[in-house]
>>> print(open('coords.cif').read())   # mmCIF, C-alpha atoms
data_target
#
loop_
_atom_site.label_atom_id
_atom_site.label_comp_id
_atom_site.auth_asym_id
_atom_site.auth_seq_id
_atom_site.Cartn_x
_atom_site.Cartn_y
_atom_site.Cartn_z
CA MET O 166 19.23 28.62 -5.23
CA LYS O 167 17.33 30.86 -2.87
CA LYS O 168 17.30 29.64 0.75
CA TRP O 169 14.14 29.15 2.78
CA ILE O 170 12.91 31.87 5.04
CA TRP O 171 13.25 29.91 8.24
CA LEU O 172 11.07 32.14 10.37
CA ALA O 173 8.17 31.86 7.93
CA LEU O 174 8.46 28.09 7.94
CA LEU O 175 8.48 27.93 11.71
CA LEU O 176 5.39 30.10 11.78
CA LEU O 177 3.79 27.76 9.26
CA VAL O 178 4.31 24.75 11.51
CA VAL O 179 2.82 26.59 14.46
CA VAL O 180 -0.21 27.55 12.38
CA VAL O 181 -0.72 23.99 11.18
CA VAL O 182 -0.34 22.47 14.65
CA VAL O 183 -2.93 24.72 16.21
CA GLY O 184 -5.31 24.06 13.34
CA THR O 185 -5.51 27.59 12.00
CA ARG O 186 -7.78 27.95 8.99
CA GLY O 187 -8.43 31.03 6.93
CA THR O 188 -7.92 32.90 3.73
CA ALA O 189 -5.21 35.16 2.47
CA ASN O 190 -5.86 38.14 0.31
CA ASN O 191 -2.25 38.64 -0.76
CA GLN O 192 -1.42 38.76 -4.45
CA LEU O 193 -0.11 35.53 -5.98
CA LEU O 194 3.65 35.85 -5.86
CA LYS O 195 5.75 35.47 -8.97
CA GLN O 196 7.48 32.15 -9.22
CA PRO O 197 10.60 32.31 -7.02
CA PRO O 198 13.73 30.29 -7.76
CA SER O 199 13.85 28.49 -4.42
CA PRO O 200 12.83 24.81 -4.02
CA ILE O 201 9.43 23.43 -3.14
CA ILE O 202 9.13 22.27 0.42
CA ALA O 203 9.38 18.51 0.78
CA GLN O 204 8.34 18.28 4.38
CA SER O 205 5.13 17.04 5.90
CA SER O 206 3.79 18.59 9.07
CA PRO O 207 1.71 16.51 11.47
CA ASN O 208 -1.38 15.41 9.59
CA GLN O 209 -4.35 17.54 10.53
CA ASN O 210 -6.58 16.31 7.70
CA THR O 211 -10.21 15.69 8.44
CA PRO O 212 -11.51 12.22 7.52
CA SER O 213 -12.23 11.94 3.81
CA GLU O 214 -15.69 11.11 2.61
CA LEU O 215 -14.38 9.92 -0.75
CA PRO O 216 -14.90 6.28 -1.73
CA VAL O 217 -11.73 4.17 -1.53
CA PRO O 218 -12.32 1.17 -3.86
CA ILE O 219 -10.22 1.31 -7.03
CA ALA O 220 -11.17 -0.56 -10.19
CA ARG O 221 -8.81 -3.43 -10.97
CA ASP O 222 -8.78 -2.82 -14.73
CA LEU O 223 -6.95 0.50 -14.44
CA GLN O 224 -3.34 0.23 -15.49
CA VAL O 225 -0.70 2.64 -16.68
CA SER O 226 1.52 1.45 -19.51
CA ALA O 227 5.26 1.68 -18.93
CA ALA O 228 5.81 1.56 -22.69
CA GLN O 229 3.44 4.47 -23.28
CA LEU O 230 4.88 6.55 -20.45
CA PHE O 231 8.47 6.19 -21.57
CA THR O 232 7.60 6.68 -25.23
CA HIS O 233 6.17 10.08 -24.31
CA ILE O 234 9.29 10.93 -22.31
CA GLN O 235 11.52 10.02 -25.25
CA LYS O 236 9.39 11.91 -27.78
CA LEU O 237 9.50 15.02 -25.61
CA ASN O 238 13.23 14.78 -24.91
CA TYR O 239 14.13 18.25 -26.22
CA GLN O 240 14.16 21.84 -25.02
CA ARG O 241 10.62 23.30 -25.07
CA TYR O 242 11.44 26.96 -24.62
CA THR O 243 11.23 28.86 -27.92
CA ASN O 244 7.99 29.53 -29.79
CA ASP O 245 8.86 26.89 -32.41
CA GLU O 246 9.75 24.29 -29.79
CA ARG O 247 6.55 24.87 -27.86
CA SER O 248 4.53 24.74 -31.09
CA ARG O 249 6.15 21.38 -31.86
CA THR O 250 5.17 20.20 -28.39
CA ARG O 251 1.57 21.32 -28.85
CA THR O 252 1.43 19.34 -32.09
CA TYR O 253 2.62 16.23 -30.30
CA ILE O 254 0.16 16.61 -27.42
CA THR O 255 -2.86 17.33 -29.60
CA THR O 256 -2.01 14.47 -31.96
CA GLU O 257 -1.79 12.03 -29.06
CA LEU O 258 -5.06 13.27 -27.57
CA GLN O 259 -6.81 12.82 -30.90
CA LYS O 260 -5.54 9.23 -31.07
CA PHE O 261 -7.33 8.60 -27.79
CA GLY O 262 -10.59 10.15 -29.03
CA TRP O 263 -10.26 13.59 -27.45
CA LYS O 264 -10.99 16.89 -29.18
CA PRO O 265 -8.31 19.26 -27.89
CA GLN O 266 -8.71 23.02 -28.12
CA LEU O 267 -5.93 25.61 -28.32
CA GLN O 268 -6.60 28.50 -25.97
CA LYS O 269 -4.39 31.49 -26.75
CA PHE O 270 -3.29 34.15 -24.31
CA PRO O 271 -0.60 36.84 -24.64
CA ASN O 272 2.63 35.13 -25.77
CA GLY O 273 1.36 31.63 -25.08
CA VAL O 274 -1.12 28.85 -25.83
CA ASN O 275 -2.77 26.42 -23.43
CA ILE O 276 -4.27 23.11 -24.57
CA PHE O 277 -7.63 22.10 -23.12
CA ALA O 278 -9.72 18.96 -23.59
CA GLU O 279 -12.84 17.66 -21.86
CA ARG O 280 -14.68 14.36 -21.54
CA GLN O 281 -18.21 14.84 -20.25
CA GLY O 282 -19.36 12.89 -17.23
CA THR O 283 -22.60 10.95 -16.96
CA ASN O 284 -24.01 13.29 -14.31
CA LYS O 285 -24.05 16.96 -15.26
CA GLN O 286 -24.67 17.89 -11.63
CA ALA O 287 -21.54 16.11 -10.39
CA GLY O 288 -19.10 18.75 -11.64
CA ALA O 289 -15.60 18.31 -13.08
CA ILE O 290 -12.08 17.30 -12.03
CA LEU O 291 -9.15 18.83 -13.89
CA VAL O 292 -5.73 17.25 -14.37
CA GLY O 293 -2.99 19.66 -15.40
CA ALA O 294 0.73 20.05 -16.09
CA HIS O 295 2.96 22.55 -17.85
CA TYR O 296 4.66 21.69 -21.13
CA ASP O 297 7.33 24.40 -21.42
CA THR O 298 10.91 24.21 -20.13
CA VAL O 299 13.61 26.67 -19.18
CA ALA O 300 16.24 27.47 -21.80
CA GLY O 301 18.93 24.85 -22.12
CA SER O 302 17.09 21.96 -20.49
CA PRO O 303 15.18 19.13 -22.21
CA GLY O 304 13.05 18.85 -19.06
CA ALA O 305 12.50 15.09 -18.85
CA ASP O 306 11.41 15.39 -15.24
CA ASP O 307 10.46 19.08 -15.51
CA ASN O 308 7.94 18.50 -16.91
CA ALA O 309 7.75 15.76 -19.52
CA SER O 310 7.06 13.41 -16.62
CA GLY O 311 3.85 15.28 -15.78
CA LEU O 312 2.84 15.43 -19.45
CA ALA O 313 3.36 11.69 -19.88
CA VAL O 314 1.12 10.91 -16.91
CA MET O 315 -1.53 13.28 -18.27
CA LEU O 316 -1.49 11.50 -21.62
CA GLU O 317 -1.87 8.16 -19.83
CA VAL O 318 -4.83 9.56 -17.90
CA ALA O 319 -6.28 10.64 -21.26
CA ARG O 320 -5.74 7.17 -22.75
CA VAL O 321 -7.07 5.11 -19.84
CA LEU O 322 -9.94 7.32 -18.69
CA GLY O 323 -10.92 9.00 -21.94
CA SER O 324 -13.60 6.46 -22.82
CA ARG O 325 -14.42 5.39 -19.28
CA PRO O 326 -17.84 6.66 -18.14
CA THR O 327 -17.74 8.38 -14.76
CA PRO O 328 -20.23 10.67 -13.00
CA LYS O 329 -17.82 13.61 -12.99
CA THR O 330 -16.42 15.28 -16.09
CA LEU O 331 -12.70 14.88 -16.74
CA GLN O 332 -10.83 17.98 -17.93
CA LEU O 333 -7.23 18.15 -19.12
CA ALA O 334 -5.20 21.36 -19.19
CA PHE O 335 -1.66 21.57 -20.60
CA PHE O 336 -0.28 24.90 -19.45
CA ASP O 337 2.18 27.04 -21.37
CA LEU O 338 4.80 29.39 -19.87
CA GLU O 339 4.80 28.04 -16.34
CA GLU O 340 8.52 28.69 -16.21
CA ALA O 341 7.89 32.34 -17.10
CA GLY O 342 5.76 32.92 -13.99
CA LEU O 343 2.72 30.59 -14.16
CA LEU O 344 1.40 32.61 -17.10
CA GLY O 345 -0.61 29.79 -18.67
CA SER O 346 -2.45 28.75 -15.52
CA LYS O 347 -3.07 32.38 -14.58
CA ALA O 348 -4.61 32.95 -18.00
CA PHE O 349 -6.67 29.78 -17.63
CA VAL O 350 -8.26 30.71 -14.31
CA SER O 351 -8.89 34.29 -15.46
CA GLN O 352 -11.71 32.93 -17.62
CA LYS O 353 -14.28 32.42 -14.88
CA ALA O 354 -16.65 30.44 -17.10
CA ARG O 355 -14.06 27.64 -17.20
CA LEU O 356 -14.23 27.33 -13.42
CA LYS O 357 -18.01 27.19 -13.10
CA ASN O 358 -18.32 23.43 -12.60
CA LEU O 359 -14.74 22.73 -11.52
CA GLN O 360 -14.51 21.00 -8.14
CA GLY O 361 -10.81 20.36 -7.99
CA ALA O 362 -7.53 20.25 -9.88
CA ILE O 363 -4.61 17.82 -9.75
CA VAL O 364 -1.45 19.52 -11.03
CA MET O 365 1.76 17.57 -11.65
CA ASP O 366 5.17 19.19 -11.77
CA MET O 367 8.10 16.75 -11.74
CA VAL O 368 6.99 13.23 -10.76
CA GLY O 369 9.75 11.03 -12.17
CA TYR O 370 12.89 11.36 -10.07
CA ALA O 371 13.97 9.54 -6.92
CA CYS O 372 17.26 9.10 -5.10
CA TYR O 373 18.18 6.31 -2.72
CA THR O 374 21.40 7.46 -1.04
CA VAL O 375 21.13 8.53 2.57
CA GLY O 376 21.12 12.32 2.66
CA CYS O 377 20.24 12.85 -1.01
CA GLN O 378 16.93 14.49 -0.05
CA GLN O 379 17.30 18.02 1.27
CA TYR O 380 15.11 19.47 4.00
CA PRO O 381 14.76 22.94 5.47
CA THR O 382 16.73 22.96 8.73
CA GLY O 383 15.25 23.96 12.04
CA LEU O 384 11.80 22.59 11.31
CA PRO O 385 10.42 20.92 14.48
CA VAL O 386 9.10 17.83 12.69
CA LYS O 387 10.79 14.53 12.00
CA PRO O 388 11.93 14.02 8.39
CA PRO O 389 9.86 11.27 6.80
CA SER O 390 12.83 9.58 5.11
CA ASP O 391 16.60 9.76 4.84
CA LYS O 392 16.24 9.16 1.09
CA GLY O 393 14.35 10.88 -1.71
CA ASP O 394 11.95 8.04 -2.45
CA PHE O 395 8.53 9.58 -1.71
CA LEU O 396 5.92 11.63 -3.55
CA VAL O 397 4.77 14.93 -2.06
CA VAL O 398 1.23 16.29 -2.46
CA VAL O 399 0.69 19.93 -1.47
CA GLY O 400 -2.85 21.22 -0.88
CA ASP O 401 -4.59 24.08 0.88
CA THR O 402 -6.39 23.45 4.15
CA GLU O 403 -9.59 25.01 2.88
CA HIS O 404 -10.14 22.23 0.32
CA LEU O 405 -9.09 18.98 1.98
CA PRO O 406 -10.93 16.27 -0.03
CA LEU O 407 -8.28 16.21 -2.76
CA LEU O 408 -5.46 16.02 -0.26
CA ASN O 409 -7.30 13.38 1.76
CA ALA O 410 -7.78 11.25 -1.34
CA PHE O 411 -4.00 11.02 -1.77
CA GLN O 412 -3.53 10.38 1.94
CA ASN O 413 -6.05 7.55 1.79
CA SER O 414 -4.30 6.04 -1.24
CA GLN O 415 -1.70 4.63 1.12
CA SER O 416 -4.25 2.18 2.52
CA ASN O 417 -5.41 1.04 -0.94
CA PRO O 418 -3.85 -2.00 -2.63
CA ALA O 419 -1.50 -1.56 -5.57
CA THR O 420 -3.37 -1.71 -8.84
CA ALA O 421 -2.54 -3.68 -11.96
CA LEU O 422 1.16 -2.85 -12.15
CA ASN O 423 2.29 -6.47 -11.81
CA LYS O 424 4.09 -5.18 -8.73
CA ASP O 425 3.65 -5.59 -5.01
CA ASP O 426 2.64 -2.75 -2.74
CA ALA O 427 6.25 -2.07 -1.74
CA ASN O 428 7.03 -0.63 -5.17
CA PHE O 429 4.57 2.19 -4.75
CA PRO O 430 6.25 5.33 -3.44
CA SER O 431 4.94 6.59 -0.15
CA VAL O 432 2.84 9.76 -0.34
CA LEU O 433 3.40 12.71 1.97
CA THR O 434 0.51 15.14 2.13
CA LEU O 435 1.31 18.71 3.09
CA PRO O 436 -1.67 20.85 4.15
CA ILE O 437 -0.95 24.55 3.68
CA PRO O 438 -3.03 27.12 5.59
CA LEU O 439 -3.73 30.70 4.57
CA LYS O 440 -3.25 29.99 0.85
CA GLY O 441 0.50 29.90 1.26
CA LEU O 442 0.82 33.27 2.98
CA LEU O 443 3.44 31.90 5.37
CA ALA O 444 5.13 29.61 2.85
CA PRO O 445 5.28 31.41 -0.50
CA ASP O 446 7.53 28.73 -2.02
CA THR O 447 4.54 26.39 -1.98
CA LEU O 448 3.01 28.68 -4.63
CA ARG O 449 5.63 27.87 -7.24
CA SER O 450 3.56 25.84 -9.69
CA ASP O 451 0.30 25.86 -11.63
CA HIS O 452 -1.90 24.80 -8.71
CA ALA O 453 -1.46 28.21 -7.06
CA PRO O 454 -3.67 30.31 -9.38
CA PHE O 455 -6.53 27.89 -8.62
CA TRP O 456 -6.11 28.53 -4.89
CA TYR O 457 -6.60 32.22 -5.47
CA GLN O 458 -9.84 31.56 -7.32
CA ASP O 459 -11.05 29.48 -4.34
CA ILE O 460 -10.73 26.23 -6.29
CA GLY O 461 -9.29 23.24 -4.48
CA ALA O 462 -6.05 22.13 -6.11
CA VAL O 463 -3.08 19.95 -5.22
CA LEU O 464 0.48 19.90 -6.49
CA VAL O 465 1.98 16.44 -6.99
CA THR O 466 5.79 16.57 -7.08
CA ASP O 467 9.05 14.75 -6.45
CA THR O 468 10.25 17.94 -4.66
CA ALA O 469 12.24 19.37 -7.60
CA ASN O 470 15.72 20.66 -6.73
CA LEU O 471 15.50 19.52 -3.12
CA ARG O 472 16.21 16.12 -4.66
CA ASN O 473 16.86 16.26 -8.38
CA VAL O 474 20.41 17.41 -9.16
CA ASN O 475 19.36 17.80 -12.82
CA TYR O 476 16.78 20.49 -12.08
CA HIS O 477 16.78 23.11 -14.88
CA GLN O 478 19.99 21.58 -16.28
CA PRO O 479 20.93 20.02 -19.65
CA SER O 480 21.22 16.74 -17.72
CA ASP O 481 17.44 16.55 -17.11
CA VAL O 482 17.15 13.82 -19.73
CA ALA O 483 15.08 10.66 -20.12
CA GLU O 484 17.91 8.45 -18.88
CA ASN O 485 17.72 10.08 -15.45
CA ILE O 486 14.05 9.28 -14.88
CA ASP O 487 13.66 6.60 -12.21
CA ARG O 488 11.55 3.89 -13.81
CA ASP O 489 9.92 2.29 -10.76
CA PHE O 490 9.28 5.57 -8.96
CA PHE O 491 7.80 7.13 -12.11
CA LEU O 492 5.52 4.15 -12.79
CA GLY O 493 4.32 4.15 -9.20
CA SER O 494 3.70 7.90 -9.23
CA ALA O 495 1.75 7.64 -12.48
CA GLN O 496 -0.41 4.82 -11.14
CA ILE O 497 -1.18 6.73 -7.95
CA VAL O 498 -2.28 9.80 -9.91
CA LEU O 499 -4.41 7.68 -12.25
CA ASN O 500 -6.01 5.84 -9.33
CA ILE O 501 -6.86 9.01 -7.43
CA THR O 502 -8.19 10.73 -10.55
CA ASN O 503 -10.52 7.81 -11.13
CA VAL O 504 -11.64 7.79 -7.47
CA LEU O 505 -12.51 11.49 -7.67
CA LEU O 506 -14.32 11.10 -10.99
CA GLU O 507 -16.41 8.23 -9.62
CA ASN O 508 -17.54 10.27 -6.64
CA GLN O 509 -20.90 11.89 -7.41
CA ALA O 510 -20.83 14.09 -4.32
CA ASN O 511 -20.01 17.77 -4.53
CA LEU O 512 -16.44 18.01 -3.28
CA THR O 513 -16.75 21.71 -2.55
CA THR O 514 -19.18 20.88 0.25
CA GLN O 515 -16.60 18.58 1.86
CA GLN O 516 -14.08 21.31 2.64
CA GLY O 517 -12.01 21.39 5.78
CA GLY O 518 -13.17 23.75 8.48
#
>>> encode(input="coords.cif", output="structure tokens")
Amino acid sequence: MKKWIWLALLLLVVVVVVGTRGTANNQLLKQPPSPIIAQSSPNQNTPSELPVPIARDLQVSAAQLFTHIQKLNYQRYTNDERSRTRTYITTELQKFGWKPQLQKFPNGVNIFAERQGTNKQAGAILVGAHYDTVAGSPGADDNASGLAVMLEVARVLGSRPTPKTLQLAFFDLEEAGLLGSKAFVSQKARLKNLQGAIVMDMVGYACYTVGCQQYPTGLPVKPPSDKGDFLVVVGDTEHLPLLNAFQNSQSNPATALNKDDANFPSVLTLPIPLKGLLAPDTLRSDHAPFWYQDIGAVLVTDTANLRNVNYHQPSDVAENIDRDFFLGSAQIVLNITNVLLENQANLTTQQGG
């Protein structure tokens, strides 16, 4: 495991505290092996203009979520394995009334589906996750958990009319260097009406022993928890509405889970300035190529190998998914997706300064 570059992280905190905003013209780095940061700096988010009410009839299905995890409980690394996975995803989407498209690129295939909104001027929100794994790992958390939530979003919101268009993108070859998402954003026509992307990469694992969550040392901010029981949302400071929507979710009531509010994981939002120039490890998943096309995107994660001892291992199996944490994470993502879709305003005009 590659260690953090402490100096870069300290510089990042300084930049965030003083409110630096800007752009970075550096090339998108190849996916490094080191862990995603799981630390929140002091919240500098501007107030969100997004609506906060959440419809009471939205509900994720535990049975559906865990069925998907079980069905995908195999290595998804070889061409044949990834083809099998595409068949499963497209079949499930078709059951829910979607018309998925296979979008080929060198050595890989993305899956894309779209449900038109009621207002063509309102733009689109994309929900994405990668479906491949590393060799030797069945990838229950990495990233069958993200795929399962996407399929629940497709089931619950597929026939629900909203002003904004809902897009789904299942990326191939993330583990090979974000190749699927890079190929996706290279087609500029796909980005024309896109106002934001929610990318999930590992959202099903929690730990509850003091000290089980790792943090970069020397960071002059107080750790949010002594356990690994929170969800992290990483976003760039130039496109704050998506990040603010997750931040505001903490003040919304729990929705239709037959649970009380306490069973929802807390959400830590991490605003990243300069498109990750000072924190390249925050560029490790499929949200990053969107940043470099000036599209607002957030990464939703359980912090990967800063918490999950099964990361990229044969032990990343369905039995090690934390049921309550996973259900809560899925409901939060579904709620926020619906909030964003219901908002008729142009999110790109609500950027942070």
>>> residues_around(input="coords.cif", residues="O:Arg249", least_positions_apart="4", cutoff="12 Å", atoms="only C-alpha atoms", output="list in words")
Lys236, Leu237, Asn238, Tyr239, Gln240, Arg241, Tyr242, Thr243, Asn244, Asp245, Tyr253, Ile254, Thr255, Thr256, Tyr296 and Asp297 of chain O
>>> closest_residue(input="coords.cif", among="O:Ala289, O:Leu499, O:Leu405, O:Val504", to="O:Met315", atoms="all atoms listed in the file")
O:Leu499
>>> residues_around(input="coords.cif", residues="O:Gln360", least_positions_apart="5", cutoff="10 Å", atoms="only C-alpha atoms", output="list in words")
Ala287, Gly288, Ala289, Ile290, Leu291, Lys329, Thr330, His404, Leu407, Asp459, Ile460, Gly461, Ala462, Leu505, Asn511, Leu512, Thr513 and Thr514 of chain O
>>> resolve_selection(input="coords.cif", expression="the PyMOL selection byres ((chain O and resi 276) around 10)", output="VMD selection string")
chain O and resid 251 254 to 255 265 to 269 274 to 275 277 to 278 293 295 to 296 333 to 337 345 349
>>> write_last_selection(input="coords.cif", atoms="C-alpha atoms", output="short mmCIF file (atom, residue, chain, number, x, y, z; two decimals), keeping the file's coordinate frame")
data_model
loop_
_atom_site.label_atom_id
_atom_site.label_comp_id
_atom_site.auth_asym_id
_atom_site.auth_seq_id
_atom_site.Cartn_x
_atom_site.Cartn_y
_atom_site.Cartn_z
CA ARG O 251 1.57 21.32 -28.85
CA ILE O 254 0.16 16.61 -27.42
CA THR O 255 -2.86 17.33 -29.60
CA PRO O 265 -8.31 19.26 -27.89
CA GLN O 266 -8.71 23.02 -28.12
CA LEU O 267 -5.93 25.61 -28.32
CA GLN O 268 -6.60 28.50 -25.97
CA LYS O 269 -4.39 31.49 -26.75
CA VAL O 274 -1.12 28.85 -25.83
CA ASN O 275 -2.77 26.42 -23.43
CA PHE O 277 -7.63 22.10 -23.12
CA ALA O 278 -9.72 18.96 -23.59
CA GLY O 293 -2.99 19.66 -15.40
CA HIS O 295 2.96 22.55 -17.85
CA TYR O 296 4.66 21.69 -21.13
CA LEU O 333 -7.23 18.15 -19.12
CA ALA O 334 -5.20 21.36 -19.19
CA PHE O 335 -1.66 21.57 -20.60
CA PHE O 336 -0.28 24.90 -19.45
CA ASP O 337 2.18 27.04 -21.37
CA GLY O 345 -0.61 29.79 -18.67
CA PHE O 349 -6.67 29.78 -17.63
#
>>> resolve_selection(input="coords.cif", expression="the PyMOL selection byres ((chain O and resi 305) around 12)", output="VMD selection string")
chain O and resid 230 to 241 296 to 299 302 to 304 306 to 313 366 to 370 473 475 to 487 491
>>> atom_distance(input="coords.cif", atom1="atom CA of O:Val292", atom2="atom CA of O:Ile363")
4.8 Å
>>> closest_residue(input="coords.cif", among="O:Thr402, O:Gln412, O:Gln286, O:Gln229", to="O:Ala319", atoms="all atoms listed in the file")
O:Gln229
>>> atom_distance(input="coords.cif", atom1="atom CA of O:Leu223", atom2="atom CA of O:Asn284")
21.3 Å
>>> closest_residue(input="coords.cif", among="O:Pro406, O:Gly323, O:Gly400, O:Gly282", to="O:Leu448", atoms="all atoms listed in the file")
O:Gly400
>>> closest_residue(input="coords.cif", among="O:Ala294, O:Leu396, O:Val321, O:Val314", to="O:Phe261", atoms="only C-alpha atoms")
O:Val321
>>> closest_residue(input="coords.cif", among="O:Gly493, O:Pro454, O:Pro430, O:Pro438", to="O:Glu339", atoms="only C-alpha atoms")
O:Pro454
>>> closest_residue(input="coords.cif", among="O:Leu435, O:Val498, O:Leu506, O:Ala354", to="O:Glu317", atoms="all atoms listed in the file")
O:Val498
>>> atom_distance(input="coords.cif", atom1="atom CA of O:Ala228", atom2="atom CA of O:Thr468")
24.8 Å
>>> axis_aligned_box(input="coords.cif", around="stretch 228-242 of chain O", padding_each_side="3 Å", output="JSON")
{"center_x": 8.8, "center_y": 14.3, "center_z": -24.1, "size_x": 16.7, "size_y": 31.4, "size_z": 13.3}
>>> residues_around(input="coords.cif", residues="stretch 388-394 of chain O", least_positions_apart="3", cutoff="9 Å", atoms="all atoms listed in the file", output="list in words")
Gln204, Ser205, Tyr370, Ala371, Cys372, Tyr373, Thr374, Val375, Gly376, Cys377, Gln378, Gln379, Tyr380, Pro430, Ser431, Leu433, Asp467, Thr468, Leu471, Arg472, Asn473 and Phe490 of chain O
